[in-house]
Structures are given as C-alpha cells and as structure tokens.
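See below for input_14.cif, which holds mmCIF, C-alpha atoms and all ligand atoms.
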data_input
#
loop_
_atom_site.label_atom_id
_atom_site.label_comp_id
_atom_site.auth_asym_id
_atom_site.auth_seq_id
_atom_site.Cartn_x
_atom_site.Cartn_y
_atom_site.Cartn_z
CA MET G 431 0.00 0.00 0.00
CA ASN G 432 1.50 3.31 -1.03
CA ILE G 433 -0.16 6.08 0.90
CA GLU G 434 2.30 8.84 0.01
CA ASN G 435 0.61 12.13 -0.83
CA SER G 436 -2.79 10.61 -0.12
CA ASN G 437 -3.75 13.38 2.29
CA ASN G 438 -3.01 16.85 3.48
CA ILE G 439 -3.43 16.23 7.19
CA GLY G 440 -0.29 17.51 8.88
CA ILE G 441 1.25 18.31 12.23
CA VAL G 442 0.68 21.89 13.31
CA GLY G 443 2.61 21.75 16.55
CA THR G 444 3.42 20.10 19.84
CA GLY G 445 3.73 20.73 23.57
CA PHE G 446 4.84 18.75 26.59
CA TYR G 447 4.79 18.85 30.35
CA VAL G 448 6.75 16.98 33.00
CA PRO G 449 6.24 17.33 36.76
CA GLU G 450 8.72 19.51 38.63
CA LYS G 451 9.91 16.89 41.10
CA VAL G 452 13.13 15.20 39.96
CA LEU G 453 14.04 11.73 41.26
CA THR G 454 17.69 10.92 40.61
CA ASN G 455 19.38 7.54 40.55
CA PHE G 456 21.05 8.53 43.82
CA ASP G 457 17.60 9.11 45.36
CA LEU G 458 16.64 5.60 44.22
CA GLU G 459 19.67 4.14 46.02
CA ARG G 460 17.82 5.07 49.22
CA ILE G 461 14.58 3.36 48.13
CA VAL G 462 15.66 0.00 46.62
CA ASP G 463 18.83 -2.10 46.41
CA THR G 464 20.33 -0.38 43.36
CA THR G 465 23.14 1.97 42.33
CA ASP G 466 23.45 4.98 40.09
CA GLU G 467 26.13 3.08 38.19
CA TRP G 468 23.82 0.08 37.50
CA ILE G 469 20.96 2.25 36.32
CA ARG G 470 23.13 4.48 34.13
CA THR G 471 25.09 1.69 32.45
CA ARG G 472 22.15 -0.73 32.02
CA THR G 473 19.53 1.83 30.94
CA GLY G 474 21.09 5.26 30.19
CA ILE G 475 18.73 6.94 32.68
CA ASN G 476 20.07 9.55 35.15
CA GLU G 477 16.83 10.94 36.53
CA ARG G 478 13.09 10.99 35.99
CA ARG G 479 10.16 13.27 36.93
CA ILE G 480 7.60 12.25 39.53
CA ALA G 481 4.06 13.62 39.85
CA ASN G 482 2.82 14.84 43.20
CA GLU G 483 0.15 13.04 45.23
CA GLU G 484 -2.73 15.10 43.83
CA GLU G 485 -1.72 14.87 40.17
CA ALA G 486 -3.37 12.37 37.81
CA ALA G 487 -2.79 11.58 34.13
CA SER G 488 -5.37 14.16 32.99
CA ASP G 489 -3.55 16.92 34.90
CA LEU G 490 -0.31 16.28 33.01
CA ALA G 491 -2.27 15.81 29.78
CA SER G 492 -4.07 19.11 30.10
CA LYS G 493 -0.83 20.99 30.81
CA ALA G 494 0.81 19.44 27.72
CA GLY G 495 -2.35 20.06 25.70
CA LEU G 496 -2.49 23.71 26.79
CA LYS G 497 1.08 24.21 25.62
CA ALA G 498 0.24 22.65 22.25
CA LEU G 499 -2.80 24.93 21.92
CA LYS G 500 -0.69 28.00 22.77
CA ASN G 501 2.25 26.99 20.56
CA THR G 502 -0.08 26.57 17.59
CA ASN G 503 -2.39 29.45 18.37
CA THR G 504 -5.35 27.06 18.26
CA ASN G 505 -8.69 27.93 19.81
CA PRO G 506 -9.82 25.01 22.05
CA LYS G 507 -13.21 25.02 20.27
CA GLU G 508 -11.45 24.12 17.00
CA ILE G 509 -10.47 20.68 18.30
CA ASP G 510 -12.85 18.10 16.80
CA LEU G 511 -11.21 14.98 18.21
CA LEU G 512 -9.09 14.17 21.26
CA ILE G 513 -7.38 10.79 21.63
CA ILE G 514 -5.42 10.05 24.76
CA ALA G 515 -2.90 7.23 24.93
CA THR G 516 -2.28 6.08 28.48
CA LEU G 517 -1.92 2.98 30.57
CA SER G 518 -2.09 4.94 33.82
CA PRO G 519 -5.50 6.63 33.35
CA ASP G 520 -7.20 8.70 36.07
CA HIS G 521 -9.87 5.95 36.35
CA PHE G 522 -11.15 2.91 34.44
CA MET G 523 -14.06 5.15 33.59
CA PRO G 524 -14.71 7.79 32.50
CA SER G 525 -11.91 8.10 29.99
CA THR G 526 -8.96 10.37 30.74
CA ALA G 527 -9.74 11.98 27.38
CA CYS G 528 -13.17 13.17 28.58
CA ILE G 529 -11.68 14.55 31.80
CA THR G 530 -8.93 16.33 29.85
CA GLN G 531 -11.48 17.67 27.36
CA HIS G 532 -13.29 19.42 30.21
CA LYS G 533 -10.06 20.85 31.67
CA LEU G 534 -9.02 22.25 28.29
CA GLY G 535 -12.46 23.46 27.23
CA LEU G 536 -12.48 21.36 24.05
CA LYS G 537 -16.26 21.73 23.84
CA ASN G 538 -16.58 20.41 20.28
CA ALA G 539 -14.33 17.37 20.56
CA ALA G 540 -15.23 13.68 20.42
CA CYS G 541 -12.96 12.03 22.99
CA PHE G 542 -11.67 8.59 23.81
CA ASP G 543 -8.68 6.77 25.30
CA LEU G 544 -6.64 4.28 23.34
CA SER G 545 -4.86 1.38 25.00
CA ALA G 546 -1.66 0.23 23.31
CA ALA G 547 0.81 0.75 26.18
CA CYS G 548 4.12 2.32 25.14
CA SER G 549 3.03 2.17 21.47
CA GLY G 550 -0.13 4.07 22.37
CA PHE G 551 0.95 7.42 21.01
CA VAL G 552 1.87 6.17 17.51
CA TYR G 553 -1.32 4.09 17.37
CA SER G 554 -3.35 7.15 18.44
CA LEU G 555 -1.70 9.48 15.94
CA PHE G 556 -2.53 7.12 13.11
CA ALA G 557 -6.06 6.52 14.47
CA ALA G 558 -6.71 10.26 14.62
CA GLU G 559 -5.39 10.81 11.11
CA SER G 560 -7.51 7.95 9.74
CA ILE G 561 -10.66 9.19 11.47
CA MET G 562 -10.07 12.68 10.06
CA LYS G 563 -9.66 11.30 6.54
CA ASN G 564 -13.08 9.67 6.83
CA SER G 565 -14.98 12.48 8.53
CA ASN G 566 -15.52 16.21 8.50
CA TYR G 567 -13.20 16.59 11.50
CA ASN G 568 -10.58 19.20 10.69
CA THR G 569 -8.42 19.35 13.79
CA ALA G 570 -7.34 16.69 16.29
CA MET G 571 -5.28 16.63 19.45
CA ILE G 572 -3.38 13.48 20.43
CA ILE G 573 -1.81 13.19 23.87
CA GLY G 574 0.36 10.54 25.48
CA THR G 575 0.21 10.90 29.27
CA GLU G 576 1.53 8.66 32.01
CA ILE G 577 1.97 8.59 35.76
CA PHE G 578 3.94 5.39 36.15
CA SER G 579 5.09 6.42 39.61
CA LYS G 580 1.62 5.39 40.83
CA ILE G 581 1.54 1.98 39.11
CA VAL G 582 5.09 0.68 39.64
CA ASP G 583 6.07 -1.31 42.71
CA TRP G 584 8.53 0.80 44.68
CA LYS G 585 9.83 -2.42 46.23
CA ASP G 586 10.73 -3.93 42.82
CA ARG G 587 14.13 -2.70 41.64
CA ASN G 588 13.61 -4.46 38.30
CA THR G 589 10.96 -1.94 37.29
CA CYS G 590 10.74 1.12 39.56
CA VAL G 591 14.09 2.54 38.37
CA LEU G 592 13.02 2.55 34.72
CA PHE G 593 9.95 4.73 34.49
CA GLY G 594 9.00 8.39 34.82
CA ASP G 595 5.95 10.64 34.59
CA GLY G 596 5.09 13.10 31.84
CA ALA G 597 2.82 14.03 28.95
CA GLY G 598 3.28 15.11 25.34
CA ALA G 599 0.65 16.55 22.99
CA ILE G 600 0.40 17.10 19.26
CA ILE G 601 -2.15 18.89 17.11
CA ILE G 602 -2.87 17.78 13.55
CA LYS G 603 -4.99 19.63 11.04
CA LYS G 604 -6.39 19.31 7.52
CA GLY G 605 -5.02 21.59 4.82
CA GLN G 606 -1.37 21.43 5.90
CA LYS G 607 1.53 21.48 3.47
CA GLY G 608 4.23 19.21 4.86
CA LYS G 609 4.58 17.40 8.20
CA ASN G 610 2.31 14.69 6.78
CA ILE G 611 2.23 11.00 7.58
CA ILE G 612 3.39 9.25 4.41
CA SER G 613 3.54 5.66 5.61
CA ILE G 614 2.82 3.44 8.60
CA ASN G 615 3.37 -0.07 9.88
CA PHE G 616 1.73 -1.54 12.97
CA GLY G 617 1.64 -4.95 14.61
CA SER G 618 0.66 -6.82 17.76
CA ASP G 619 1.32 -10.20 19.34
CA GLY G 620 -1.03 -11.17 22.15
CA SER G 621 0.77 -14.48 22.70
CA SER G 622 3.36 -12.55 24.73
CA ALA G 623 0.82 -10.51 26.70
CA ASP G 624 2.15 -11.82 30.01
CA LEU G 625 5.64 -10.34 29.53
CA LEU G 626 4.47 -6.93 30.66
CA GLU G 627 1.25 -6.65 32.64
CA ILE G 628 -0.64 -5.36 35.65
CA PRO G 629 -2.19 -8.65 36.77
CA ALA G 630 -4.99 -7.44 39.09
CA GLY G 631 -7.62 -4.74 39.25
CA GLY G 632 -9.44 -5.70 36.05
CA SER G 633 -12.12 -8.32 35.29
CA ARG G 634 -9.57 -11.16 35.27
CA LEU G 635 -8.49 -10.61 38.88
CA PRO G 636 -10.79 -8.08 40.50
CA THR G 637 -9.41 -6.21 43.49
CA THR G 638 -9.50 -8.15 46.75
CA TYR G 639 -7.46 -7.96 49.93
CA ARG G 640 -5.57 -10.97 48.60
CA THR G 641 -4.59 -9.28 45.30
CA ILE G 642 -3.44 -6.25 47.24
CA ASP G 643 -1.39 -8.35 49.67
CA LYS G 644 0.25 -10.05 46.68
CA ARG G 645 1.08 -6.65 45.15
CA GLN G 646 -0.70 -7.67 41.93
CA HIS G 647 -1.87 -4.12 41.13
CA TYR G 648 1.62 -3.10 40.20
CA LEU G 649 3.32 -3.40 36.82
CA LYS G 650 5.25 -6.68 36.33
CA MET G 651 7.78 -7.05 33.56
CA GLU G 652 10.00 -9.77 32.14
CA GLY G 653 12.58 -7.15 31.22
CA ARG G 654 15.16 -9.40 29.64
CA LYS G 655 12.61 -11.08 27.31
CA ILE G 656 11.16 -7.71 26.23
CA TYR G 657 14.67 -6.37 25.71
CA LYS G 658 15.42 -9.15 23.20
CA LEU G 659 12.22 -8.50 21.22
CA ALA G 660 12.30 -4.69 21.30
CA LYS G 661 15.07 -4.15 18.74
CA LYS G 662 13.46 -6.54 16.23
CA MET G 663 9.98 -5.02 16.67
CA MET G 664 11.19 -1.46 16.03
CA VAL G 665 13.69 -2.23 13.25
CA ASP G 666 11.27 -4.46 11.27
CA SER G 667 8.49 -1.94 11.66
CA VAL G 668 10.63 0.98 10.50
CA ILE G 669 11.91 -0.94 7.45
CA ARG G 670 8.40 -2.10 6.49
CA ALA G 671 6.98 1.42 6.78
CA LEU G 672 9.85 2.85 4.69
CA ASP G 673 9.52 0.08 2.07
CA LYS G 674 5.89 0.96 1.40
CA VAL G 675 6.91 4.38 0.09
CA GLU G 676 10.12 3.19 -1.57
CA LEU G 677 12.37 4.79 1.00
CA THR G 678 15.29 3.11 2.75
CA ARG G 679 16.99 3.53 6.11
CA LYS G 680 19.47 5.90 4.39
CA ASP G 681 16.61 8.35 3.84
CA ILE G 682 15.94 8.75 7.57
CA ASP G 683 16.92 12.23 8.79
CA LEU G 684 15.74 11.71 12.35
CA LEU G 685 14.47 8.61 14.15
CA ILE G 686 12.35 9.31 17.23
CA PRO G 687 12.04 6.01 19.07
CA HIS G 688 10.20 5.11 22.27
CA GLN G 689 12.68 5.94 25.04
CA ALA G 690 13.01 2.68 26.97
CA ASN G 691 16.69 1.87 27.25
CA ILE G 692 19.81 3.44 25.69
CA ARG G 693 21.16 -0.02 24.90
CA ILE G 694 18.03 -0.82 22.86
CA LEU G 695 18.32 2.53 21.03
CA LYS G 696 21.99 1.93 20.22
CA ALA G 697 21.18 -1.57 18.94
CA VAL G 698 18.41 -0.13 16.72
CA ALA G 699 20.82 2.53 15.41
CA LYS G 700 23.42 -0.14 14.60
CA LYS G 701 20.93 -2.39 12.81
CA LEU G 702 19.62 0.55 10.74
CA HIS G 703 23.20 1.82 10.11
CA LEU G 704 22.22 5.19 11.56
CA PRO G 705 24.73 7.42 13.35
CA LEU G 706 23.57 8.26 16.90
CA GLU G 707 23.11 11.93 15.88
CA LYS G 708 20.14 10.76 13.79
CA ILE G 709 18.40 9.28 16.82
CA MET G 710 16.53 11.49 19.25
CA ILE G 711 17.53 10.48 22.77
CA ASN G 712 16.33 12.18 25.95
CA LEU G 713 15.71 9.26 28.30
CA GLU G 714 18.60 10.32 30.55
CA LYS G 715 16.33 13.16 31.80
CA TYR G 716 12.92 11.51 31.91
CA GLY G 717 13.34 7.71 31.98
CA ASN G 718 10.73 5.63 30.19
CA THR G 719 7.51 7.67 30.08
CA SER G 720 5.66 5.01 28.05
CA ALA G 721 3.03 6.57 25.75
CA ALA G 722 4.37 10.05 26.53
CA SER G 723 7.95 9.39 25.46
CA ILE G 724 7.59 9.97 21.71
CA PRO G 725 5.57 13.23 21.83
CA ILE G 726 7.95 14.62 24.49
CA ALA G 727 10.97 13.66 22.36
CA LEU G 728 9.29 15.09 19.24
CA ASP G 729 8.64 18.42 20.95
CA GLU G 730 12.26 18.61 22.17
CA ALA G 731 13.59 17.64 18.72
CA VAL G 732 11.59 20.49 17.15
CA SER G 733 12.62 23.07 19.75
CA GLN G 734 16.28 22.02 19.51
CA GLY G 735 16.14 22.61 15.73
CA LYS G 736 16.86 18.98 14.90
CA ILE G 737 14.19 18.81 12.19
CA LYS G 738 14.02 20.89 9.02
CA LYS G 739 11.48 21.21 6.25
CA GLY G 740 11.39 18.17 3.95
CA ASP G 741 13.15 15.86 6.43
CA ILE G 742 12.07 12.24 6.76
CA VAL G 743 11.21 11.76 10.43
CA VAL G 744 10.35 8.29 11.66
CA LEU G 745 8.54 7.59 14.94
CA THR G 746 8.76 4.05 16.27
CA ALA G 747 7.57 2.32 19.43
CA PHE G 748 7.08 -1.04 21.11
CA GLY G 749 5.36 -2.02 24.31
CA ALA G 750 3.01 -4.25 26.24
CA GLY G 751 0.49 -6.28 24.33
CA LEU G 752 2.86 -6.81 22.66
CA THR G 753 2.37 -3.87 20.33
CA TRP G 754 4.71 -2.06 17.99
CA GLY G 755 4.61 0.43 15.15
CA ALA G 756 6.34 2.98 12.96
CA ILE G 757 5.12 6.19 11.33
CA VAL G 758 7.04 7.92 8.55
CA ILE G 759 6.52 11.69 8.33
CA ARG G 760 7.76 14.01 5.60
CA TRP G 761 8.36 17.22 7.56
O1 LIG G 801 8.71 0.37 27.52
C1 LIG G 801 8.21 -0.90 27.65
C2 LIG G 801 9.08 -2.01 27.42
N1 LIG G 801 10.04 -2.30 28.44
C3 LIG G 801 11.35 -2.24 28.16
O2 LIG G 801 11.76 -1.75 27.16
C4 LIG G 801 12.33 -2.87 29.07
C5 LIG G 801 13.30 -3.74 28.30
N2 LIG G 801 14.29 -4.33 29.15
C6 LIG G 801 15.33 -3.65 29.64
O3 LIG G 801 15.50 -2.48 29.37
C7 LIG G 801 16.35 -4.41 30.46
O4 LIG G 801 16.10 -5.80 30.36
C8 LIG G 801 16.37 -3.98 31.95
C9 LIG G 801 16.93 -2.58 32.09
C10 LIG G 801 14.96 -4.04 32.52
C11 LIG G 801 17.28 -4.91 32.74
O5 LIG G 801 18.57 -4.93 32.17
P1 LIG G 801 19.30 -6.32 31.91
O6 LIG G 801 20.64 -6.04 31.44
O7 LIG G 801 18.38 -7.12 31.00
O8 LIG G 801 19.35 -6.92 33.36
P2 LIG G 801 18.77 -8.30 33.88
O9 LIG G 801 17.28 -8.22 34.00
O10 LIG G 801 19.35 -9.39 33.05
O11 LIG G 801 19.39 -8.32 35.32
C12 LIG G 801 20.80 -8.40 35.51
C13 LIG G 801 21.07 -8.35 37.00
C14 LIG G 801 20.19 -9.31 37.80
O12 LIG G 801 20.97 -9.86 38.84
P3 LIG G 801 21.58 -11.33 38.72
O13 LIG G 801 20.41 -12.22 38.51
O14 LIG G 801 22.49 -11.28 37.53
O15 LIG G 801 22.26 -11.50 40.03
C15 LIG G 801 19.15 -8.40 38.38
O16 LIG G 801 18.62 -8.88 39.58
O17 LIG G 801 20.80 -7.05 37.49
C16 LIG G 801 19.94 -7.13 38.62
N3 LIG G 801 19.12 -5.94 38.68
C17 LIG G 801 19.51 -4.81 39.31
N4 LIG G 801 20.64 -4.51 39.99
C18 LIG G 801 20.74 -3.28 40.50
C19 LIG G 801 17.91 -5.71 38.14
N5 LIG G 801 17.50 -4.47 38.42
C20 LIG G 801 18.48 -3.88 39.14
C21 LIG G 801 18.63 -2.62 39.71
N6 LIG G 801 19.78 -2.36 40.36
N7 LIG G 801 17.71 -1.65 39.59
#
Would you mind writing the file out in structure tokens?
Ligand code: UT7
Amino acid sequence: MNIENSNNIGIVGTGFYVPEKVLTNFDLERIVDTTDEWIRTRTGINERRIANEEEAASDLASKAGLKALKNTNTNPKEIDLLIIATLSPDHFMPSTACITQHKLGLKNAACFDLSAACSGFVYSLFAAESIMKNSNYNTAMIIGTEIFSKIVDWKDRNTCVLFGDGAGAIIIKKGQKGKNIISINFGSDGSSADLLEIPAGGSRLPTTYRTIDKRQHYLKMEGRKIYKLAKKMMVDSVIRALDKVELTRKDIDLLIPHQANIRILKAVAKKLHLPLEKIMINLEKYGNTSAASIPIALDEAVSQGKIKKGDIVVLTAFGAGLTWGAIVIRW
C-alpha cells in the first residue's frame, strides 16, 4: 500500500509537560537495592520526573495540551477529536480523554482513550489521522500521558528505576503542506501478553485484599525477554513502513524512538546503520515515560532545531500487548 501524498493532514505543533519533582538515581539508592552506576550503564537513565500526590494523568495531559494549543495558536473550540494514549488513566471510567477535554475546554471534541501501552501514542496518531480522513473533522489533538510512579512497585528494583511521569501533545490539522504521515506499519502479538502486565484490578483478577497483599496491582515485567524483542519489533516496523513508500533507512533524517533503554536505542541505530546523531535520545532526563515518550521527544527535537522542512522523520515504538509500530513523516 503506497499512501504517500494521499492526504493533506499535517502536524501543526506540539507541547509537553513533565512534573517539577526530579528523582535521581542517587535518590533511588535510598529506596531500593540499586546503584546509580547500575541504572546508568544498564539503561542510560540519570533521573526521571515524579508527579505529586494530587496529580493524575489528565492533569499532566491538560498541561501538555495547553502548551500545544498556545504553541499553535489554536482555539480550544477548534479541536474536533481528542485521543489520549495512556496505561495509567485517572480511572477505568470515564476516559482520561473526557476529563482532559473538560479541563481544556475542548467543547466540540469527540474524545476517547486508546490502550496500546508504550506504542499508544503512535497508534493514536494514526487513528486520529484515519478518522479525520473519513470524517468532517478538521483538527485533532493526540496526547500521550503517564503517571507510572503510581503503578510501579517501589519495592521492585527491576521496574521502579526505569519509568518516569510526563505528557506530550500534538495537534494535527487538515489543509497542511508538509509534516504529513506518508507511511505506517503496525503490529501486535497477544501471545506474549504476560511479559508486561498489571495482573490485578481488572475483570480477570478483581481487586480483593488478597490481590493487594500479593502486590498484583503493580506493573510486572520480564525485562530481559522484552529487551530481546524490542530491537526486532522497532527495526522491522521501520523498514516495512519505509519500504511501502520506496524509502530506505538511508533516507531517515531523524528517528524518534520510544525511550526505553539506551542499549536498545543503540542496537536499533546499529541495525539501521544510523549514526547516533540521527536518533533522538532524551531518556537520561525523563526515563521511560511510556506513551508520553515519543511526543515529548518530538517536541524537544523540534525546539532544539533537529528537524528541518522536507526531512524524513520516523517515529517508532514497542510495548506491552505486545504492540509495535512505525510512522514515517515528511516534515
Ligand atoms: O517500555 C516498555 C518495554 N520495556 C522495556 O523496554 C524494558 C526492556 N528491558 C530492559 O530495558 C532491560 O532488560 C532492563 C533494564 C529491565 C534490565 O537490564 P538487563 O541487562 O536485561 O538486566 P537483567 O534483567 O538481566 O538483570 C541483571 C542483573 C540481575 O541480577 P543477577 O540475577 O544477575 O544477580 C538483576 O537482579 O541485574 C539485577 N538488577 C539490578 N541490579 C541493581 C535488576 N534491576 C536492578 C537494579 N539495580 N535496579
């Protein structure tokens, strides 16, 4: 399927927000049996942001969304569609998107959450673009927002050192020249669903005293197994998406991958024969912010002048589900 030039829906702008509180690796040394050296060398993370007790995913989302509205000079009433990617929503219901809609005054927007874990933002961006193509919606906002600090087990050093809180927002609009999606590739594999999960609190294992005692409401991850699959998921997805529009890895000007682990990003760079300068990396400051990591990195890439008109920018992610995907954008 060649979808190049099939639409004029493009990115108008971005915005992101991270909580003020910084938690360093040295702080973590006082919480679990770990060291700054282990975290830095095994993951590339130096510090991450942590939300305060009162903050929920919609609070970070609305701050990121407000920045995107301001940066693009968009009236909130112009937004026809809001999709929020999160696996740490305010509640099971209502959706974090509806709560964020109210906070931002997006009175004319249809709103829903999308669940695809760390791949949630790329899935949501493509979903929004596809819905716009098939409707009279002109403007959409897509937000990845996460508060992992409230769903990780602060007694589990295998996971609590990896994640951080934050939100990133993007606005897309019809009638844009440039910054268009020109190709996509997505995939999922439910046979590995148990590699990364929150076992209890849903309809499979409803909350009981027993599930709480067993700490089953916290995120559990088979890190080593995911690590082995992550490179393949992202590299294959990027190559497939490029192939569809007769581009190759040499055409990539900037790759913006999900920020999970510096070793995974370096392995992806090596496999794609990309110099590290062509990979956006900011996980040293924020850790893994799941669905928020790509829009935060995209906003920083733009503000640091790393992207110029006409560039081929590729977003790629992988995460629980398993899910993965790549989006090719001609800037
Ligand atoms: O975004 C969603 C997807 N998730 C990911 O991308 C995560 C992918 N996986 C990873 O990034 C890596 O597998 C980790 C960073 C999670 C772990 O790195 P690793 O090199 O795969 O370490 P490991 O799990 O093989 O553990 C090595 C050792 C173990 O000790 P033993 O068994 O060798 O004695 C762990 O117990 O490191 C130990 N360890 C720690 N030591 C100090 C695990 N966590 C820590 C820690 N501090 N925080």
Practice problem: Skip Gly445 (chain G) itself and residues of its chain fewer than 3 positions away, then list as a VMD selection string all residues within 7 Å of it, counting only C-alpha atoms. | Solution: chain G and resid 494 to 495 497 to 498 598 to 600 729
Quiz item: In terms of the shortest atom-to-atom distance over only C-alpha atoms, which of G:Ser554, G:Ser579, G:Ser622, G:Asn566 is closest to Lys451 (chain G)?
Solution: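 When distances to Lys451 (chain G) are compared using only C-alpha atoms, the smallest one comes from G:Ser579.
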Under the rule of at most 12 Å, produce a per-residue listing of region 506-574 of chain G near region 645-659 of chain G: chain, number, name, the closest pair of atoms, and the distance in Å, as a Markdown table, using only C-alpha atoms.
| residue | atom | partner | partner_atom | distance |
| --- | --- | --- | --- | --- |
| G:Leu517 | CA | G:Leu649 | CA | 10.4 |
| G:Ser518 | CA | G:Leu649 | CA | 10.4 |
| G:Ala547 | CA | G:Leu649 | CA | 11.7 |
Give me the region 540-634 of chain G side of the contact with region 665-678 of chain G, cut-off 8 Å, one line per residue showing its nearest atom pair and distance in Å at one decimal, counting only C-alpha atoms, sorted by chain and residue number, as a tab-separated table.
residue	atom	partner	partner_atom	distance
G:Ile612	CA	G:Val675	CA	7.4
G:Ser613	CA	G:Ala671	CA	5.6
G:Ile614	CA	G:Ala671	CA	5.0
G:Asn615	CA	G:Ala671	CA	5.0
G:Phe616	CA	G:Ser667	CA	6.9
Residues within 9 Å of ligand LIG 801 (chain G), counting only C-alpha atoms and all ligand atoms: report them as an mmCIF file with C-alpha atoms, keeping the file's coordinate frame.
data_model
loop_
_atom_site.group_PDB
_atom_site.id
_atom_site.type_symbol
_atom_site.label_atom_id
_atom_site.label_comp_id
_atom_site.auth_asym_id
_atom_site.auth_seq_id
_atom_site.Cartn_x
_atom_site.Cartn_y
_atom_site.Cartn_z
ATOM 1 C CA LEU G 458 16.640 5.600 44.220
ATOM 2 C CA GLU G 459 19.670 4.140 46.020
ATOM 3 C CA VAL G 462 15.660 0.000 46.620
ATOM 4 C CA ASP G 463 18.830 -2.100 46.410
ATOM 5 C CA THR G 464 20.330 -0.380 43.360
ATOM 6 C CA THR G 465 23.140 1.970 42.330
ATOM 7 C CA ASP G 466 23.450 4.980 40.090
ATOM 8 C CA GLU G 467 26.130 3.080 38.190
ATOM 9 C CA TRP G 468 23.820 0.080 37.500
ATOM 10 C CA ILE G 469 20.960 2.250 36.320
ATOM 11 C CA THR G 471 25.090 1.690 32.450
ATOM 12 C CA ARG G 472 22.150 -0.730 32.020
ATOM 13 C CA THR G 473 19.530 1.830 30.940
ATOM 14 C CA ALA G 547 0.810 0.750 26.180
ATOM 15 C CA CYS G 548 4.120 2.320 25.140
ATOM 16 C CA SER G 549 3.030 2.170 21.470
ATOM 17 C CA ASP G 586 10.730 -3.930 42.820
ATOM 18 C CA ARG G 587 14.130 -2.700 41.640
ATOM 19 C CA ASN G 588 13.610 -4.460 38.300
ATOM 20 C CA THR G 589 10.960 -1.940 37.290
ATOM 21 C CA CYS G 590 10.740 1.120 39.560
ATOM 22 C CA VAL G 591 14.090 2.540 38.370
ATOM 23 C CA LEU G 592 13.020 2.550 34.720
ATOM 24 C CA PHE G 593 9.950 4.730 34.490
ATOM 25 C CA LEU G 626 4.470 -6.930 30.660
ATOM 26 C CA MET G 651 7.780 -7.050 33.560
ATOM 27 C CA GLU G 652 10.000 -9.770 32.140
ATOM 28 C CA GLY G 653 12.580 -7.150 31.220
ATOM 29 C CA ARG G 654 15.160 -9.400 29.640
ATOM 30 C CA LYS G 655 12.610 -11.080 27.310
ATOM 31 C CA ILE G 656 11.160 -7.710 26.230
ATOM 32 C CA TYR G 657 14.670 -6.370 25.710
ATOM 33 C CA LYS G 658 15.420 -9.150 23.200
ATOM 34 C CA LEU G 659 12.220 -8.500 21.220
ATOM 35 C CA ALA G 660 12.300 -4.690 21.300
ATOM 36 C CA HIS G 688 10.200 5.110 22.270
ATOM 37 C CA GLN G 689 12.680 5.940 25.040
ATOM 38 C CA ALA G 690 13.010 2.680 26.970
ATOM 39 C CA ASN G 691 16.690 1.870 27.250
ATOM 40 C CA ILE G 692 19.810 3.440 25.690
ATOM 41 C CA ARG G 693 21.160 -0.020 24.900
ATOM 42 C CA ILE G 694 18.030 -0.820 22.860
ATOM 43 C CA ASN G 718 10.730 5.630 30.190
ATOM 44 C CA THR G 719 7.510 7.670 30.080
ATOM 45 C CA SER G 720 5.660 5.010 28.050
ATOM 46 C CA ALA G 721 3.030 6.570 25.750
ATOM 47 C CA ALA G 747 7.570 2.320 19.430
ATOM 48 C CA PHE G 748 7.080 -1.040 21.110
ATOM 49 C CA GLY G 749 5.360 -2.020 24.310
ATOM 50 C CA ALA G 750 3.010 -4.250 26.240
#
Quiz item: Out of G:Thr444, G:Thr454, G:Gln606, G:Thr641, which residue has the shortest atom-to-atom distance to Ile572 (chain G) when counting only C-alpha atoms?
Solution: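 Once distances to Ile572 (chain G) are computed over only C-alpha atoms, the minimum belongs to G:Thr444.
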Quiz item: Which residues come within 10 Å of region 502-508 of chain G, counting only C-alpha atoms, excluding same-chain residues fewer than 3 positions away, as a count of residues only?
Solution: 26
Quiz item: Which polymer residues have any atom within 8 Å of an atom of Ala515 (chain G), counting all atoms listed in the file, with same-chain residues fewer than 6 positions away left out, as number ranges by chain?
Solution: G: 543-547, 550-551, 554, 572-575, 721-722
For the selection you just gave me, I'd like the residues written to a file as a compact mmCIF listing (two decimals), in the frame of the given file, keeping C-alpha atoms.
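Wrote selection_21.txt, looks like this:
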# COMPACT_ATOMS: atom_id res chain seq x y z
CA ASP G 543 -8.68 6.77 25.30
CA LEU G 544 -6.64 4.28 23.34
CA SER G 545 -4.86 1.38 25.00
CA ALA G 546 -1.66 0.23 23.31
CA ALA G 547 0.81 0.75 26.18
CA GLY G 550 -0.13 4.07 22.37
CA PHE G 551 0.95 7.42 21.01
CA SER G 554 -3.35 7.15 18.44
CA ILE G 572 -3.38 13.48 20.43
CA ILE G 573 -1.81 13.19 23.87
CA GLY G 574 0.36 10.54 25.48
CA THR G 575 0.21 10.90 29.27
CA ALA G 721 3.03 6.57 25.75
CA ALA G 722 4.37 10.05 26.53
Quiz item: Quick one: distance from CA of Ala486 (chain G) to CA of Asp583 (chain G) in Å, one decimal?
Solution: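 The value is 17.3 Å.
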Practice problem: Would you work out the distance separating CA of Ser565 (chain G) from CA of Asp510 (chain G), expressed in Å to one decimal? | Solution: 10.2 Å
I'd like the contact shell of Ile577 (chain G) - 9 Å cut-off, only C-alpha atoms, skipping same-chain residues fewer than 3 positions apart - returned as a short mmCIF file (atom, residue, chain, number, x, y, z; two decimals) with C-alpha atoms, keeping the file's coordinate frame.
data_model
loop_
_atom_site.label_atom_id
_atom_site.label_comp_id
_atom_site.auth_asym_id
_atom_site.auth_seq_id
_atom_site.Cartn_x
_atom_site.Cartn_y
_atom_site.Cartn_z
CA ILE G 480 7.60 12.25 39.53
CA ALA G 481 4.06 13.62 39.85
CA GLU G 485 -1.72 14.87 40.17
CA ALA G 486 -3.37 12.37 37.81
CA ALA G 487 -2.79 11.58 34.13
CA LEU G 490 -0.31 16.28 33.01
CA THR G 516 -2.28 6.08 28.48
CA LEU G 517 -1.92 2.98 30.57
CA SER G 518 -2.09 4.94 33.82
CA PRO G 519 -5.50 6.63 33.35
CA LYS G 580 1.62 5.39 40.83
CA ILE G 581 1.54 1.98 39.11
CA PHE G 593 9.95 4.73 34.49
CA GLY G 594 9.00 8.39 34.82
CA ASP G 595 5.95 10.64 34.59
CA GLY G 596 5.09 13.10 31.84
CA ALA G 597 2.82 14.03 28.95
CA THR G 719 7.51 7.67 30.08
#
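Across the model, the gap from CA of Gly735 (chain G) to CA of Pro705 (chain G) is 17.6 Å.
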Exercise. Find the residue from G:Ile509, G:Val582, G:Asn455, G:Ala558 that sits nearest to Arg470 (chain G); use all atoms listed in the file when measuring.
Key: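 Among the listed residues, the smallest separation from Arg470 (chain G) belongs to G:Asn455.
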Practice problem: Considering only C-alpha atoms, state which residue in the set G:Ile737, G:Leu752, G:Leu685, G:Val758 is at the smallest distance from Ala623 (chain G). | Solution: G:Leu752
Quiz item: Which residue gives the smallest distance to Gly751 (chain G) among G:Asp619, G:Glu714, G:Asp643, G:Glu559, with all atoms listed in the file counted?
Solution: G:Asp619
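The nearest approach to Tyr716 (chain G) among the residues G:Arg479, G:Arg679, G:Lys644, G:Arg634, with only C-alpha atoms taken into account, belongs to G:Arg479.
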